[in-house]
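Asker: If you scroll down you'll find the structure; I have some questions about it.
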Amino acid sequence: MLRLYHYWSSVCSQKVRMCLAEKGLDWESRHVDIFAFENYEPAYTALNPKAVVPTLDHEGKVLIGSNTILEYLEDVFPNDTPLRPQDPFARSTMRLWVYNSEELAHWNVNVCSHNLRHAKRMDQRCSHEEQMAAAMKCPNPMIALRLKRRLEVGVSVDEENEAYAKLDCLLDGMEKQLAGGPWIAGSAFTLADIAMAPMVNRIEVLTRPEMIAPVRRPSRTGGSASRHGPAIGPRSRSRIRTPRIQ
C-alpha cells in the first residue's frame, strides 16, 4: 500500500499526486494541514524530520523529498506508464529539469507566493503570536528561521522582483527546451513534465501570470501541453487542484 502525506495546494505534493495518477496507482491519502502546522507535530516529524510535505510510506519504507519520491515510484513501478526515457541524453535532460523544479523553481515560487497567498492564509487562521510559537516548535532550523524572519519583516518588493526575474529566466530556458518537444525531455512525457507543471500552474495564479501567457511562451501552450503547465499527462490533469483528501 502507498500512503501519501500531503497538502492539497503544495506544489511538491502535486508532483507526487500527478505521478501516482499517471501510473494509475492506488494510494491512501493522509492530508497534512500545513497552515495548522500539523507538519511540525512529533507524529509527523518522526516520519519526515524536515517537517515538510510530501512524505510517502510504501509498506513501511518512508521516503521524503518530492523528487526522490518521483524517482522511487519510477524505479518500483517502471511498467506502469514509464516516465523515464530510455535514451541516455533524454534521461539526463529529464533529470536536469527535475532538479530545476526544486533548485530554481520551487524556492522562487515560494517567495512569490508568500505575500499573496501564504501570509494571508496563516493570518486568517492564527494570530501572530501563534505563528511565532509554531516557528519555535519547528524542528527544522531552515524552515523555522525562514518563518520567523518572514513573520518579522515579510517578503520585500525587492525579494519578490528578484524571484520573478529568476523564474522568468527559468521559463525562457523551458520555452527553448519545449521548442524541440513536444515535451520537456523530447518526444515522451516524463518526470520532468510532472516536476515542472505544478510550478507553472502556481505562477499562473500569482501576480504576474503574463509570464506564461501564450504570446510570450507559445511552446508551453502548444501541442500536447495543457493550460495548467508545460505538459501535463491526461491522467494527472485533475490532480493539480483536486486530490483525494481524507
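Chains: A, B, ... in order of the C-alpha cells. Residues: from 1 per chain. Ligands: from 1, in order shown.
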If we count only C-alpha atoms, what is near Ser10 (chain A) at a cut-off of 12 Å, once residues fewer than 6 positions away on the same chain are taken out, given as a CSV table (one decimal) with C-alpha atoms, in the first residue's frame?
Answerer:
chain,number,residue,atom,x,y,z
A,16,VAL,CA,3.7,13.2,-6.4
A,17,ARG,CA,0.0,13.1,-6.9
A,31,HIS,CA,-3.8,15.1,4.4
A,32,VAL,CA,-1.4,17.3,6.5
A,33,ASP,CA,-2.7,20.8,7.2
A,34,ILE,CA,0.5,22.8,6.9
A,35,PHE,CA,-1.4,26.0,7.8
A,52,VAL,CA,7.7,19.5,5.0
A,53,VAL,CA,5.3,17.7,2.7
A,54,PRO,CA,5.1,15.3,1.0
A,66,SER,CA,9.2,15.1,-3.8
A,106,HIS,CA,10.3,25.9,-6.0
A,109,VAL,CA,7.7,30.3,-6.4
A,110,ASN,CA,7.7,30.1,-2.6
A,113,SER,CA,3.6,33.1,-3.0
A,117,ARG,CA,-1.2,33.6,-0.5
A,118,HIS,CA,0.7,32.1,2.4
A,198,PRO,CA,2.9,22.5,-10.7
A,199,MET,CA,5.4,25.3,-10.7
A,201,ASN,CA,0.5,26.3,-12.5
A,202,ARG,CA,1.4,28.3,-9.4
A,239,ARG,CA,-4.6,16.0,-9.7
A,240,ILE,CA,-3.2,19.6,-9.9
A,241,ARG,CA,-6.2,21.0,-7.9
A,242,THR,CA,-8.4,18.1,-6.9
A,243,PRO,CA,-6.6,15.5,-4.8
Asker: Set the distance at 10 Å and use only C-alpha atoms: which residues neighbour Leu191 (chain A) once local chain neighbours fewer than 6 positions away are removed? I'd like the list as a list in words.
Answerer: Lys15, Val16, Met18, Cys19, Asn67, Leu70, Glu71, Glu74, Pro82, Leu83, Arg84, Pro85, Arg91, Met94, Arg95, Trp97, Val98, Ile184, Ala185 and Ala197 of chain A
Asker: Those residues you just picked out, can you put them in a file as an mmCIF file, in the first residue's frame with C-alpha atoms?
Answerer:
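Generated output (part.cif):
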data_model
loop_
_atom_site.group_PDB
_atom_site.id
_atom_site.type_symbol
_atom_site.label_atom_id
_atom_site.label_comp_id
_atom_site.auth_asym_id
_atom_site.auth_seq_id
_atom_site.Cartn_x
_atom_site.Cartn_y
_atom_site.Cartn_z
ATOM 1 C CA LYS A 15 4.177 16.483 -8.258
ATOM 2 C CA VAL A 16 3.731 13.201 -6.438
ATOM 3 C CA MET A 18 0.475 13.609 -10.650
ATOM 4 C CA CYS A 19 2.986 10.773 -10.809
ATOM 5 C CA ASN A 67 11.878 14.428 -6.453
ATOM 6 C CA LEU A 70 9.194 10.550 -8.122
ATOM 7 C CA GLU A 71 12.329 8.560 -8.900
ATOM 8 C CA GLU A 74 9.516 5.061 -11.359
ATOM 9 C CA PRO A 82 7.013 4.591 -17.874
ATOM 10 C CA LEU A 83 8.046 8.150 -17.079
ATOM 11 C CA ARG A 84 11.809 7.927 -17.601
ATOM 12 C CA PRO A 85 13.285 7.986 -21.138
ATOM 13 C CA ARG A 91 17.149 10.838 -19.425
ATOM 14 C CA MET A 94 14.776 14.862 -17.669
ATOM 15 C CA ARG A 95 16.940 14.793 -14.549
ATOM 16 C CA TRP A 97 14.613 19.655 -15.250
ATOM 17 C CA VAL A 98 13.556 17.619 -12.243
ATOM 18 C CA ILE A 184 10.490 18.856 -21.899
ATOM 19 C CA ALA A 185 12.786 15.863 -22.437
ATOM 20 C CA ALA A 197 3.902 21.516 -14.235
#
Asker: Which one of A:Ala119, A:Leu20, A:Leu2, A:Cys138 sits closest to Tyr44 (chain A) if you count only C-alpha atoms?
Answerer: A:Cys138
Asker: List the neighbours of Asp57 (chain A) out to 8 Å using only C-alpha atoms; skip same-chain residues closer than 2 positions along the sequence, and give me the result as a PyMOL selection string.
Answerer: chain A and resi 2-4+55+59-63
Asker: Name the residues in contact with Leu147 (chain A) at a cut-off of 9 Å, using only C-alpha atoms, excluding same-chain residues fewer than 4 positions from it; report them as a list in words.
Answerer: Gln131, Met132, Ala135, Met142, Ile143, Leu151 and Glu152 of chain A
Asker: Write to file, as a compact mmCIF listing (two decimals), in the first residue's frame, the residues of the selection just made, with N, CA and C atoms.
Answerer:
# COMPACT_ATOMS: atom_id res chain seq x y z
N GLN A 131 1.64 31.96 15.36
CA GLN A 131 2.55 31.63 14.27
C GLN A 131 3.99 31.61 14.76
N MET A 132 4.36 32.56 15.58
CA MET A 132 5.72 32.59 16.11
C MET A 132 5.98 31.39 17.02
N ALA A 135 6.67 28.48 14.82
CA ALA A 135 8.03 28.54 14.29
C ALA A 135 9.05 28.06 15.33
N MET A 142 16.11 25.40 9.12
CA MET A 142 15.97 26.16 7.88
C MET A 142 14.55 26.68 7.71
N ILE A 143 13.57 25.83 8.00
CA ILE A 143 12.17 26.24 7.90
C ILE A 143 11.82 27.20 9.03
N LEU A 151 7.81 36.38 9.48
CA LEU A 151 6.86 36.94 10.44
C LEU A 151 7.32 38.30 10.94
N GLU A 152 8.64 38.49 10.99
CA GLU A 152 9.19 39.76 11.49
C GLU A 152 9.22 40.84 10.42
Asker: Considering only C-alpha atoms, return as JSON, numbers by chain whatever protein or nucleic-acid residues lie within 10 Å of Leu170 (chain A), sequence-local ones (same chain, fewer than 4 positions apart) excluded.
Answerer: {"A": [100, 101, 104, 105, 164, 165, 166, 174, 175]}
Asker: Just want the 10 Å neighbourhood of Gly186 (chain A), counted on only C-alpha atoms, with same-chain residues fewer than 6 positions away dropped. Output as an MDAnalysis selection string.
Answerer: chainID A and resid 85 89:91 93:94 177:180
Asker: Check the smallest atom-to-atom distance from each of A:Ala195, A:Met211, A:Val76, A:Leu56 to Asp172 (chain A) using only C-alpha atoms, then report the winner.
Answerer: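 Of A:Ala195, A:Met211, A:Val76, A:Leu56, the one nearest Asp172 (chain A) is A:Met211, counting only C-alpha atoms.
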Asker: Could you tell me how far CA of Arg216 (chain A) sits from CA of Lys176 (chain A), in Å to one decimal place?
Answerer: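 According to the coordinates, CA of Lys176 (chain A) and CA of Arg216 (chain A) are separated by 11.7 Å.
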Asker: Record the distance separating CA of Glu159 (chain A) and CA of Leu206 (chain A), expressed in Å with one decimal.
Answerer: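 Distance between the two atoms: 14.8 Å.
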